[in-house]
file entry.txt (compact mmCIF, C-alpha atoms)
# COMPACT_ATOMS: atom_id res chain seq x y z
CA MET A 1134 11.25 -175.64 72.15
CA ARG A 1135 9.98 -175.37 75.72
CA PHE A 1136 6.85 -176.63 77.43
CA GLU A 1137 5.19 -174.13 79.74
CA GLY A 1138 1.81 -175.77 80.21
CA THR A 1139 -1.47 -175.02 78.45
CA PRO A 1140 -4.72 -173.34 79.50
CA ALA A 1141 -6.36 -176.78 79.62
CA TYR A 1142 -3.67 -178.55 81.67
CA VAL A 1143 -2.42 -177.50 85.10
CA ALA A 1144 1.28 -178.43 85.22
CA ASP A 1145 3.41 -177.54 88.23
CA LYS A 1146 6.94 -176.17 87.89
CA ASP A 1147 8.63 -179.51 88.55
CA LEU A 1148 6.67 -181.22 85.78
CA MET A 1149 7.52 -178.49 83.27
CA VAL A 1150 11.19 -178.76 84.25
CA ALA A 1151 11.07 -182.52 83.71
CA VAL A 1152 9.50 -182.21 80.25
CA ASN A 1153 12.01 -179.60 79.14
CA ALA A 1154 14.95 -181.55 80.57
CA ALA A 1155 13.91 -184.65 78.62
CA ILE A 1156 13.62 -182.57 75.45
CA ALA A 1157 17.07 -181.03 76.00
CA LEU A 1158 18.69 -184.40 76.76
CA GLU A 1159 16.81 -186.11 73.91
CA ARG A 1160 15.86 -188.87 76.33
CA PRO A 1161 12.47 -190.51 76.86
CA LEU A 1162 10.49 -188.95 79.72
CA LEU A 1163 9.24 -191.69 82.05
CA VAL A 1164 6.21 -190.42 83.97
CA LYS A 1165 4.82 -192.32 86.95
CA GLY A 1166 1.99 -191.51 89.31
CA GLU A 1167 -1.37 -192.69 90.56
CA PRO A 1168 -3.93 -193.56 87.88
CA GLY A 1169 -5.89 -190.46 86.93
CA THR A 1170 -3.16 -187.90 87.67
CA GLY A 1171 -2.87 -186.75 84.04
CA LYS A 1172 0.07 -188.81 82.76
CA THR A 1173 -1.49 -189.66 79.41
CA GLU A 1174 -2.97 -186.21 79.00
CA LEU A 1175 0.50 -184.72 79.53
CA ALA A 1176 1.71 -186.10 76.19
CA ARG A 1177 -1.33 -184.67 74.41
CA GLN A 1178 -0.81 -181.27 75.98
CA VAL A 1179 2.93 -181.24 75.22
CA ALA A 1180 2.10 -181.91 71.56
CA LEU A 1181 -0.55 -179.18 71.60
CA ALA A 1182 1.70 -176.62 73.32
CA LEU A 1183 4.63 -177.24 70.98
CA GLY A 1184 2.53 -177.46 67.83
CA LEU A 1185 3.51 -181.08 67.13
CA ASP A 1186 1.56 -184.11 65.99
CA LEU A 1187 1.03 -186.93 68.47
CA ILE A 1188 1.35 -190.68 67.96
CA GLU A 1189 -0.16 -192.80 70.75
CA TRP A 1190 0.91 -196.37 71.40
CA ASN A 1191 -1.43 -197.85 74.02
CA VAL A 1192 0.27 -200.85 75.59
CA LYS A 1193 -1.74 -203.90 76.68
CA SER A 1194 -0.76 -207.08 78.52
CA THR A 1195 -0.44 -208.88 75.17
CA THR A 1196 1.55 -206.14 73.41
CA LYS A 1197 5.02 -207.08 72.14
CA ALA A 1198 7.82 -204.61 71.51
CA GLN A 1199 8.15 -205.81 67.91
CA GLN A 1200 4.65 -204.48 67.20
CA GLY A 1201 5.92 -200.97 67.80
CA LEU A 1202 8.50 -201.44 65.05
CA TYR A 1203 6.70 -203.53 62.44
CA GLU A 1204 4.91 -206.83 61.89
CA TYR A 1205 5.51 -209.23 59.02
CA ASP A 1206 2.43 -211.14 57.84
CA ALA A 1207 4.00 -214.36 56.59
CA VAL A 1208 0.67 -216.21 56.57
CA SER A 1209 -0.94 -213.76 54.12
CA ARG A 1210 2.11 -213.89 51.86
CA LEU A 1211 2.01 -217.69 51.80
CA ARG A 1212 -1.70 -217.61 50.96
CA ASP A 1213 -1.16 -215.09 48.15
CA SER A 1214 1.67 -217.19 46.72
CA GLN A 1215 -0.63 -220.19 46.57
CA LEU A 1216 -3.33 -218.11 44.87
CA GLY A 1217 -0.91 -216.58 42.38
CA ASP A 1218 -1.54 -213.04 43.65
CA ALA A 1219 0.95 -210.53 42.16
CA ARG A 1220 1.31 -208.86 45.58
CA PHE A 1221 3.47 -211.84 46.58
CA ASN A 1222 6.40 -210.49 44.56
CA ASP A 1223 6.91 -207.48 46.84
CA ILE A 1224 7.53 -208.42 50.45
CA LYS A 1225 6.80 -204.85 51.54
CA ASN A 1226 3.12 -205.55 50.91
CA TYR A 1227 3.18 -207.79 53.98
CA ILE A 1228 4.93 -205.49 56.41
CA LYS A 1229 2.73 -203.45 58.73
CA ARG A 1230 4.41 -200.38 60.16
CA GLY A 1231 4.34 -199.84 63.90
CA LYS A 1232 4.09 -196.64 65.91
CA LEU A 1233 7.86 -196.19 66.18
CA TRP A 1234 8.25 -196.61 62.43
CA ASP A 1235 5.64 -193.89 61.86
CA ALA A 1236 7.33 -191.57 64.36
CA PHE A 1237 10.82 -192.18 62.94
CA THR A 1238 9.85 -191.61 59.31
CA SER A 1239 7.69 -188.54 59.86
CA ASP A 1240 8.80 -185.50 57.87
CA ARG A 1241 8.59 -183.40 61.04
CA LYS A 1242 9.20 -183.76 64.75
CA MET A 1243 6.53 -185.72 66.62
CA VAL A 1244 5.50 -186.53 70.18
CA LEU A 1245 5.42 -190.31 70.72
CA LEU A 1246 3.40 -191.55 73.69
CA ILE A 1247 4.05 -195.09 74.94
CA ASP A 1248 1.17 -195.39 77.38
CA GLU A 1249 1.16 -197.72 80.42
CA ILE A 1250 4.36 -199.56 79.58
CA ASP A 1251 4.11 -201.54 82.83
CA LYS A 1252 1.11 -203.48 81.49
CA ALA A 1253 3.32 -205.51 79.15
CA ASP A 1254 5.65 -208.32 80.21
CA ILE A 1255 9.00 -207.54 81.83
CA GLU A 1256 10.94 -208.01 78.59
CA PHE A 1257 8.98 -205.33 76.76
CA PRO A 1258 11.08 -202.33 77.97
CA ASN A 1259 14.36 -204.23 77.40
CA ASP A 1260 13.32 -205.05 73.84
CA LEU A 1261 13.00 -201.35 73.06
CA LEU A 1262 16.25 -200.18 74.68
CA GLN A 1263 18.41 -199.93 71.57
CA GLU A 1264 15.67 -198.63 69.30
CA LEU A 1265 14.77 -195.74 71.63
CA ASP A 1266 18.42 -195.00 72.39
CA ARG A 1267 19.73 -195.03 68.82
CA MET A 1268 16.46 -193.99 67.21
CA GLU A 1269 16.79 -196.66 64.55
CA PHE A 1270 15.98 -200.30 63.89
CA PHE A 1271 16.65 -202.91 61.21
CA VAL A 1272 13.98 -204.57 59.07
CA TYR A 1273 15.27 -208.09 58.43
CA GLU A 1274 12.77 -208.96 55.71
CA THR A 1275 13.76 -206.05 53.47
CA GLY A 1276 17.30 -205.42 54.69
CA GLU A 1277 16.66 -201.72 55.35
CA THR A 1278 17.44 -199.62 58.39
CA ILE A 1279 14.76 -197.22 59.59
CA ARG A 1280 16.32 -194.12 61.17
CA ALA A 1281 14.59 -191.18 62.80
CA ALA A 1282 14.72 -188.23 60.42
CA HIS A 1283 13.59 -186.03 63.32
CA ARG A 1284 14.10 -187.39 66.83
CA PRO A 1285 10.64 -187.57 68.42
CA ILE A 1286 9.84 -186.41 71.93
CA VAL A 1287 9.10 -189.71 73.69
CA ILE A 1288 6.81 -189.74 76.75
CA ILE A 1289 6.35 -193.06 78.54
CA THR A 1290 3.77 -193.56 81.29
CA SER A 1291 3.63 -196.18 84.03
CA ASN A 1292 1.17 -196.91 86.82
CA ASN A 1293 3.83 -198.81 88.78
CA GLU A 1294 2.10 -202.17 88.30
CA LYS A 1295 5.53 -203.74 87.93
CA GLU A 1296 9.15 -202.64 88.24
CA LEU A 1297 10.94 -201.52 85.10
CA PRO A 1298 14.48 -202.77 84.29
CA ASP A 1299 17.42 -200.69 85.53
CA ALA A 1300 18.89 -200.45 82.03
CA PHE A 1301 15.66 -198.88 80.81
CA LEU A 1302 15.52 -196.45 83.73
CA ARG A 1303 19.11 -195.32 83.06
CA ARG A 1304 18.14 -194.24 79.57
CA SER A 1305 15.13 -192.20 80.70
CA PHE A 1306 14.49 -188.94 82.50
CA PHE A 1307 12.15 -189.72 85.38
CA HIS A 1308 9.33 -187.72 86.94
CA TYR A 1309 6.72 -188.77 89.49
CA ILE A 1310 3.47 -186.80 89.36
CA ARG A 1311 2.43 -186.39 92.97
CA PHE A 1312 -1.24 -186.34 93.80
CA PRO A 1313 -2.29 -182.67 93.68
CA ASP A 1314 -2.81 -180.70 96.86
CA VAL A 1315 -6.13 -178.97 97.44
CA GLU A 1316 -4.99 -175.69 95.86
CA THR A 1317 -3.77 -177.39 92.68
CA LEU A 1318 -6.84 -179.60 92.46
CA THR A 1319 -9.06 -176.54 92.83
CA ARG A 1320 -7.31 -175.01 89.81
CA ILE A 1321 -7.80 -178.25 87.87
CA VAL A 1322 -11.52 -178.28 88.68
CA GLU A 1323 -11.88 -174.66 87.59
CA VAL A 1324 -10.11 -175.41 84.29
CA HIS A 1325 -12.59 -178.21 83.56
CA TYR A 1326 -15.67 -176.39 84.87
CA PRO A 1327 -15.24 -172.64 84.39
CA GLY A 1328 -17.55 -170.57 86.54
CA ILE A 1329 -18.33 -173.38 88.99
CA LYS A 1330 -19.46 -172.23 92.43
CA ARG A 1331 -16.44 -171.97 94.70
CA GLU A 1332 -18.45 -173.02 97.74
CA LEU A 1333 -19.41 -176.28 96.03
CA VAL A 1334 -15.80 -176.94 95.01
CA ARG A 1335 -14.56 -176.24 98.52
CA ALA A 1336 -17.13 -178.54 100.14
CA ALA A 1337 -16.62 -181.30 97.56
CA LEU A 1338 -12.83 -181.28 97.81
CA THR A 1339 -12.98 -181.23 101.62
CA GLN A 1340 -15.03 -184.43 101.57
CA PHE A 1341 -12.92 -185.89 98.75
CA TYR A 1342 -9.66 -185.57 100.69
CA GLU A 1343 -11.33 -186.96 103.80
CA ILE A 1344 -12.41 -190.01 101.79
CA ARG A 1345 -8.86 -190.52 100.46
CA GLU A 1346 -7.52 -190.58 104.01
CA VAL A 1347 -9.92 -193.21 105.35
CA PRO A 1348 -7.81 -196.10 106.75
CA GLY A 1349 -8.31 -199.40 104.97
CA LEU A 1350 -9.48 -197.93 101.68
CA LYS A 1351 -8.54 -200.37 98.91
CA LYS A 1352 -8.64 -197.89 96.02
CA ARG A 1353 -8.34 -194.21 96.74
CA PRO A 1354 -10.29 -192.06 94.27
CA SER A 1355 -8.19 -190.20 91.71
CA THR A 1356 -8.24 -186.81 90.02
CA SER A 1357 -10.31 -188.03 87.08
CA GLU A 1358 -12.85 -189.55 89.47
CA VAL A 1359 -13.29 -186.40 91.52
CA LEU A 1360 -13.86 -184.46 88.29
CA ASP A 1361 -16.63 -186.90 87.33
CA TRP A 1362 -18.10 -186.66 90.82
CA ILE A 1363 -18.14 -182.86 90.85
CA ARG A 1364 -19.77 -182.86 87.42
CA LEU A 1365 -22.56 -185.03 88.81
CA LEU A 1366 -22.92 -182.75 91.83
CA VAL A 1367 -23.38 -179.80 89.46
CA VAL A 1368 -25.90 -181.68 87.29
CA ASP A 1369 -27.93 -182.68 90.38
CA ASP A 1370 -27.62 -179.16 91.80
CA VAL A 1371 -26.41 -180.52 95.15
CA ASP A 1372 -26.31 -178.00 97.97
CA PRO A 1373 -22.74 -177.63 99.33
CA ALA A 1374 -24.19 -177.86 102.84
CA ASP A 1375 -25.36 -181.40 102.08
CA LEU A 1376 -21.75 -182.47 101.49
CA ARG A 1377 -20.55 -181.54 104.95
CA GLY A 1378 -19.62 -184.67 106.79
CA ASP A 1379 -22.28 -186.62 108.64
CA PRO A 1380 -20.60 -189.62 110.32
CA LYS A 1381 -23.97 -191.40 110.60
CA ASN A 1382 -24.23 -191.44 106.82
CA ALA A 1383 -20.63 -192.03 105.78
CA LEU A 1384 -21.33 -192.92 102.16
CA PRO A 1385 -20.89 -189.76 100.06
CA LYS A 1386 -23.61 -188.64 97.68
CA LEU A 1387 -23.28 -190.25 94.24
CA HIS A 1388 -20.52 -192.41 95.70
CA GLY A 1389 -20.37 -194.62 92.61
CA ALA A 1390 -18.19 -191.98 90.96
CA LEU A 1391 -15.61 -192.23 93.76
CA LEU A 1392 -15.76 -195.75 95.23
CA LYS A 1393 -15.08 -198.38 92.60
CA ASN A 1394 -15.24 -201.69 94.47
CA GLU A 1395 -17.61 -203.33 96.93
CA GLN A 1396 -14.99 -203.59 99.70
CA ASP A 1397 -14.70 -199.80 99.92
CA VAL A 1398 -18.49 -199.35 99.84
CA HIS A 1399 -18.85 -201.88 102.67
CA LEU A 1400 -16.09 -200.08 104.59
CA PHE A 1401 -18.06 -196.82 104.53
CA GLU A 1402 -21.27 -198.63 105.42
CA ARG A 1403 -19.54 -200.16 108.47
CA LEU A 1404 -18.21 -196.76 109.50
CA ALA A 1405 -21.73 -195.31 109.27
CA PHE A 1406 -23.15 -198.23 111.28
CA MET A 1407 -20.53 -197.78 114.01
CA ALA A 1408 -21.18 -194.02 114.13
CA ARG A 1409 -24.93 -194.61 114.56
CA ARG A 1410 -24.34 -197.10 117.39
CA GLN A 1411 -22.04 -194.70 119.20
CA GLY A 1412 -24.42 -191.81 118.63
call {"tool": "encode", "arguments": {"input": "entry.txt", "output": "structure tokens"}}
result
Amino acid sequence: MRFEGTPAYVADKDLMVAVNAAIALERPLLVKGEPGTGKTELARQVALALGLDLIEWNVKSTTKAQQGLYEYDAVSRLRDSQLGDARFNDIKNYIKRGKLWDAFTSDRKMVLLIDEIDKADIEFPNDLLQELDRMEFFVYETGETIRAAHRPIVIITSNNEKELPDAFLRRSFFHYIRFPDVETLTRIVEVHYPGIKRELVRAALTQFYEIREVPGLKKRPSTSEVLDWIRLLVVDDVDPADLRGDPKNALPKLHGALLKNEQDVHLFERLAFMARRQG
């Protein structure tokens, strides 16, 4: 069982090595990188390439680790007991399975994505240490132990919003997805937009990388944003010549796809103003 990329996902050699190492070690793969570099999509493409089903657990700031195992609805059980509902007699009626439970009890191997783990509080990764290591957990309400019949391939993503505990890192195989160079990003664009004019791609990516290198930029545009931008350029039939840098008009065409806060827009407007004064 080896991952070698897919036609729809451009994975470099180091990333494929990381995925296959995590599979061989039976350890979670912790993937970090800038937002928009394909971390979430990686799990989907690994599942597709290996012919496995995917379970996605999208973590939010309010998510608790226990929710990934199961949740016990004591309030509903109390209400049913007061109403004389027959469901009250079986406590299992009030246990909601979590994503890990579903992955552990699947009759075949799965890919489990724990997406953006750094959004949750600092205790979240620690609370999953034993469950992900042993691939089992105990259900106190029913007295049963849920064990993984087939150890899932676990892919965990992080945007580096907060540091993860050392104990969690020790139990993971780590890979950082670097921002793609121009050659790799060209391949990514061509995968998403087959047959696109090479001259347009070359001009767009030249300006895109120039924008990313502007000093003082608060949020540098990501891979997903440049794909949206290029799509708009194609829809508007923009001439590649119109994308070549004009310092007196520093804001790029359709800049709303690339610049996502007013500080960065004002930065480019100031640069254009200064260029006009000097010119």
call {"tool": "closest_residue", "arguments": {"input": "entry.txt", "among": "A:Leu1318, A:Leu1181, A:Leu1400, A:Ile1329", "to": "A:Ile1344", "atoms": "only C-alpha atoms"}}
result
A:Leu1400
call {"tool": "closest_residue", "arguments": {"input": "entry.txt", "among": "A:Leu1261, A:Ile1156, A:Leu1233, A:Leu1376", "to": "A:Leu1338", "atoms": "all atoms listed in the file"}}
result
A:Leu1376
call {"tool": "residues_around", "arguments": {"input": "entry.txt", "residues": "A:Met1243", "least_positions_apart": "2", "cutoff": "8 Å", "atoms": "all atoms listed in the file", "output": "short mmCIF file (atom, residue, chain, number, x, y, z; two decimals) with C-alpha atoms, in the coordinates of the input"}}
result
data_model
loop_
_atom_site.label_atom_id
_atom_site.label_comp_id
_atom_site.auth_asym_id
_atom_site.auth_seq_id
_atom_site.Cartn_x
_atom_site.Cartn_y
_atom_site.Cartn_z
CA ALA A 1180 2.10 -181.91 71.56
CA LEU A 1185 3.51 -181.08 67.13
CA ASP A 1186 1.56 -184.11 65.99
CA LEU A 1187 1.03 -186.93 68.47
CA ILE A 1188 1.35 -190.68 67.96
CA ALA A 1236 7.33 -191.57 64.36
CA SER A 1239 7.69 -188.54 59.86
CA ARG A 1241 8.59 -183.40 61.04
CA LEU A 1245 5.42 -190.31 70.72
CA HIS A 1283 13.59 -186.03 63.32
CA ARG A 1284 14.10 -187.39 66.83
CA PRO A 1285 10.64 -187.57 68.42
CA ILE A 1286 9.84 -186.41 71.93
#
call {"tool": "residues_near_point", "arguments": {"input": "entry.txt", "point": "(-21.0, -196.6, 106.1)", "cutoff": "12 Å", "atoms": "only C-alpha atoms", "output": "PDB file with C-alpha atoms, in the frame of the given file"}}
result
ATOM      1  CA  ILE A1344     -12.410-190.010 101.790  1.00  0.00           C
ATOM      2  CA  VAL A1347      -9.920-193.210 105.350  1.00  0.00           C
ATOM      3  CA  ASP A1379     -22.280-186.620 108.640  1.00  0.00           C
ATOM      4  CA  PRO A1380     -20.600-189.620 110.320  1.00  0.00           C
ATOM      5  CA  LYS A1381     -23.970-191.400 110.600  1.00  0.00           C
ATOM      6  CA  ASN A1382     -24.230-191.440 106.820  1.00  0.00           C
ATOM      7  CA  ALA A1383     -20.630-192.030 105.780  1.00  0.00           C
ATOM      8  CA  LEU A1384     -21.330-192.920 102.160  1.00  0.00           C
ATOM      9  CA  PRO A1385     -20.890-189.760 100.060  1.00  0.00           C
ATOM     10  CA  LYS A1386     -23.610-188.640  97.680  1.00  0.00           C
ATOM     11  CA  HIS A1388     -20.520-192.410  95.700  1.00  0.00           C
ATOM     12  CA  GLU A1395     -17.610-203.330  96.930  1.00  0.00           C
ATOM     13  CA  GLN A1396     -14.990-203.590  99.700  1.00  0.00           C
ATOM     14  CA  ASP A1397     -14.700-199.800  99.920  1.00  0.00           C
ATOM     15  CA  VAL A1398     -18.490-199.350  99.840  1.00  0.00           C
ATOM     16  CA  HIS A1399     -18.850-201.880 102.670  1.00  0.00           C
ATOM     17  CA  LEU A1400     -16.090-200.080 104.590  1.00  0.00           C
ATOM     18  CA  PHE A1401     -18.060-196.820 104.530  1.00  0.00           C
ATOM     19  CA  GLU A1402     -21.270-198.630 105.420  1.00  0.00           C
ATOM     20  CA  ARG A1403     -19.540-200.160 108.470  1.00  0.00           C
ATOM     21  CA  LEU A1404     -18.210-196.760 109.500  1.00  0.00           C
ATOM     22  CA  ALA A1405     -21.730-195.310 109.270  1.00  0.00           C
ATOM     23  CA  PHE A1406     -23.150-198.230 111.280  1.00  0.00           C
ATOM     24  CA  MET A1407     -20.530-197.780 114.010  1.00  0.00           C
ATOM     25  CA  ALA A1408     -21.180-194.020 114.130  1.00  0.00           C
ATOM     26  CA  ARG A1409     -24.930-194.610 114.560  1.00  0.00           C
ATOM     27  CA  ARG A1410     -24.340-197.100 117.390  1.00  0.00           C
TER      28      ARG A1410
END
call {"tool": "residues_near_point", "arguments": {"input": "entry.txt", "point": "(3.5, -192.9, 81.1)", "cutoff": "7 Å", "atoms": "only C-alpha atoms", "output": "PDB file with C-alpha atoms, in the coordinates of the input"}}
result
ATOM      1  CA  LEU A1163       9.240-191.690  82.050  1.00  0.00           C
ATOM      2  CA  VAL A1164       6.210-190.420  83.970  1.00  0.00           C
ATOM      3  CA  LYS A1165       4.820-192.320  86.950  1.00  0.00           C
ATOM      4  CA  LYS A1172       0.070-188.810  82.760  1.00  0.00           C
ATOM      5  CA  THR A1173      -1.490-189.660  79.410  1.00  0.00           C
ATOM      6  CA  ILE A1247       4.050-195.090  74.940  1.00  0.00           C
ATOM      7  CA  ASP A1248       1.170-195.390  77.380  1.00  0.00           C
ATOM      8  CA  GLU A1249       1.160-197.720  80.420  1.00  0.00           C
ATOM      9  CA  ILE A1250       4.360-199.560  79.580  1.00  0.00           C
ATOM     10  CA  ILE A1288       6.810-189.740  76.750  1.00  0.00           C
ATOM     11  CA  ILE A1289       6.350-193.060  78.540  1.00  0.00           C
ATOM     12  CA  THR A1290       3.770-193.560  81.290  1.00  0.00           C
ATOM     13  CA  SER A1291       3.630-196.180  84.030  1.00  0.00           C
TER      14      SER A1291
END
call {"tool": "closest_residue", "arguments": {"input": "entry.txt", "among": "A:Tyr1342, A:Trp1234, A:Tyr1142, A:Trp1190", "to": "A:Ile1279", "atoms": "all atoms listed in the file"}}
result
A:Trp1234
call {"tool": "closest_atom_pairs", "arguments": {"input": "entry.txt", "of": "stretch 1241-1332 of chain A", "to": "stretch 1192-1212 of chain A", "cutoff": "12 Å", "atoms": "all atoms listed in the file", "output": "CSV"}}
result
residue,atom,partner,partner_atom,distance
A:Leu1245,CA,A:Gly1201,CA,11.1
A:Leu1246,CA,A:Val1192,CA,10.0
A:Ile1247,CA,A:Val1192,CA,6.9
A:Asp1248,CA,A:Val1192,CA,5.8
A:Glu1249,CA,A:Val1192,CA,5.8
A:Ile1250,CA,A:Val1192,CA,5.9
A:Asp1251,CA,A:Val1192,CA,8.2
A:Lys1252,CA,A:Ser1194,CA,5.0
A:Ala1253,CA,A:Ser1194,CA,4.4
A:Asp1254,CA,A:Ser1194,CA,6.7
A:Ile1255,CA,A:Ser1194,CA,10.3
A:Glu1256,CA,A:Ala1198,CA,8.5
A:Phe1257,CA,A:Ala1198,CA,5.4
A:Pro1258,CA,A:Ala1198,CA,7.6
A:Asn1259,CA,A:Ala1198,CA,8.8
A:Asp1260,CA,A:Ala1198,CA,6.0
A:Leu1261,CA,A:Ala1198,CA,6.3
A:Leu1262,CA,A:Ala1198,CA,10.0
A:Gln1263,CA,A:Ala1198,CA,11.6
A:Glu1264,CA,A:Leu1202,CA,8.8
A:Leu1265,CA,A:Leu1202,CA,10.7
A:Met1268,CA,A:Leu1202,CA,11.1
A:Glu1269,CA,A:Leu1202,CA,9.6
A:Phe1270,CA,A:Leu1202,CA,7.7
A:Phe1271,CA,A:Leu1202,CA,9.1
A:Val1272,CA,A:Tyr1203,CA,8.1
A:Tyr1273,CA,A:Tyr1205,CA,9.8
A:Glu1274,CA,A:Tyr1205,CA,8.0
A:Thr1275,CA,A:Tyr1205,CA,10.4
A:Thr1278,CA,A:Leu1202,CA,11.3
A:Ile1279,CA,A:Leu1202,CA,9.3
A:Arg1280,CA,A:Leu1202,CA,11.4
A:Ile1289,CA,A:Val1192,CA,10.3
A:Thr1290,CA,A:Val1192,CA,9.9
A:Ser1291,CA,A:Val1192,CA,10.2
A:Asn1292,CA,A:Val1192,CA,11.9
A:Glu1294,CA,A:Ser1194,CA,11.3
A:Lys1295,CA,A:Ser1194,CA,11.8
call {"tool": "residues_around", "arguments": {"input": "entry.txt", "residues": "A:Asp1145", "least_positions_apart": "5", "cutoff": "12 Å", "atoms": "only C-alpha atoms", "output": "ChimeraX atom specification"}}
result
/A:1136-1139,1150-1152,1171,1175,1308-1314,1316-1318,1320-1321
call {"tool": "closest_residue", "arguments": {"input": "entry.txt", "among": "A:Leu1392, A:Ala1337, A:Lys1242, A:Lys1352", "to": "A:Val1371", "atoms": "all atoms listed in the file"}}
result
A:Ala1337
call {"tool": "atom_distance", "arguments": {"input": "entry.txt", "atom1": "atom CA of A:Ala1390", "atom2": "atom CA of A:Arg1345"}}
result
13.4 Å
call {"tool": "residues_around", "arguments": {"input": "entry.txt", "residues": "A:Ala1374", "least_positions_apart": "6", "cutoff": "12 Å", "atoms": "only C-alpha atoms", "output": "PyMOL selection string"}}
result
chain A and resi 1332-1337+1339-1340+1386
call {"tool": "atom_distance", "arguments": {"input": "entry.txt", "atom1": "atom CA of A:Ser1214", "atom2": "atom CA of A:Glu1277"}}
result
23.2 Å
call {"tool": "atom_distance", "arguments": {"input": "entry.txt", "atom1": "atom CA of A:Pro1161", "atom2": "atom CA of A:Phe1306"}}
result
6.2 Å
call {"tool": "decode", "arguments": {"input": "entry.txt", "residues": "stretch 1329-1389 of chain A", "atoms": "C-alpha atoms", "output": "CSV table (one decimal), in the first residue's frame"}}
result
chain,number,residue,atom,x,y,z
A,1329,ILE,CA,-4.7,27.0,-20.3
A,1330,LYS,CA,-2.5,29.4,-22.3
A,1331,ARG,CA,1.1,29.1,-21.1
A,1332,GLU,CA,1.8,32.7,-21.7
A,1333,LEU,CA,-1.0,33.7,-19.3
A,1334,VAL,CA,0.2,31.3,-16.6
A,1335,ARG,CA,3.7,32.6,-16.9
A,1336,ALA,CA,2.7,36.2,-16.7
A,1337,ALA,CA,0.2,35.5,-13.8
A,1338,LEU,CA,2.7,33.5,-11.7
A,1339,THR,CA,5.4,36.1,-12.3
A,1340,GLN,CA,3.2,38.8,-10.8
A,1341,PHE,CA,1.9,36.4,-8.1
A,1342,TYR,CA,5.4,35.7,-6.8
A,1343,GLU,CA,6.3,39.4,-6.9
A,1344,ILE,CA,3.2,40.1,-4.8
A,1345,ARG,CA,4.2,37.5,-2.2
A,1346,GLU,CA,7.6,39.1,-1.8
A,1347,VAL,CA,6.3,42.6,-1.2
A,1348,PRO,CA,7.8,43.8,2.2
A,1349,GLY,CA,5.1,44.4,4.9
A,1350,LEU,CA,2.4,42.2,3.4
A,1351,LYS,CA,0.2,41.0,6.2
A,1352,LYS,CA,-1.2,37.9,4.5
A,1353,ARG,CA,0.6,36.5,1.5
A,1354,PRO,CA,-1.7,34.9,-1.1
A,1355,SER,CA,-1.7,31.1,-1.1
A,1356,THR,CA,-2.0,28.4,-3.8
A,1357,SER,CA,-5.8,28.2,-3.6
A,1358,GLU,CA,-6.0,32.0,-4.0
A,1359,VAL,CA,-3.8,32.1,-7.1
A,1360,LEU,CA,-5.9,29.3,-8.6
A,1361,ASP,CA,-9.0,31.4,-8.1
A,1362,TRP,CA,-7.3,34.5,-9.5
A,1363,ILE,CA,-6.1,32.7,-12.6
A,1364,ARG,CA,-9.6,31.3,-13.1
A,1365,LEU,CA,-10.9,34.9,-13.1
A,1366,LEU,CA,-8.2,36.0,-15.5
A,1367,VAL,CA,-9.3,33.3,-17.9
A,1368,VAL,CA,-13.0,34.2,-17.5
A,1369,ASP,CA,-12.3,37.9,-18.2
A,1370,ASP,CA,-10.0,37.0,-21.1
A,1371,VAL,CA,-7.2,39.2,-19.7
A,1372,ASP,CA,-4.3,39.8,-22.0
A,1373,PRO,CA,-1.0,38.5,-20.5
A,1374,ALA,CA,0.6,41.7,-21.5
A,1375,ASP,CA,-1.7,43.6,-19.1
A,1376,LEU,CA,-0.3,41.6,-16.2
A,1377,ARG,CA,3.3,42.8,-16.6
A,1378,GLY,CA,4.2,45.0,-13.8
A,1379,ASP,CA,3.4,48.7,-13.9
A,1380,PRO,CA,4.7,50.3,-10.7
A,1381,LYS,CA,2.3,53.3,-11.1
A,1382,ASN,CA,-0.6,50.9,-10.8
A,1383,ALA,CA,0.6,48.5,-8.2
A,1384,LEU,CA,-2.8,46.9,-7.4
A,1385,PRO,CA,-3.1,43.7,-9.5
A,1386,LYS,CA,-6.1,43.1,-11.7
A,1387,LEU,CA,-9.0,41.4,-9.8
A,1388,HIS,CA,-6.9,41.9,-6.7
A,1389,GLY,CA,-9.8,40.8,-4.4
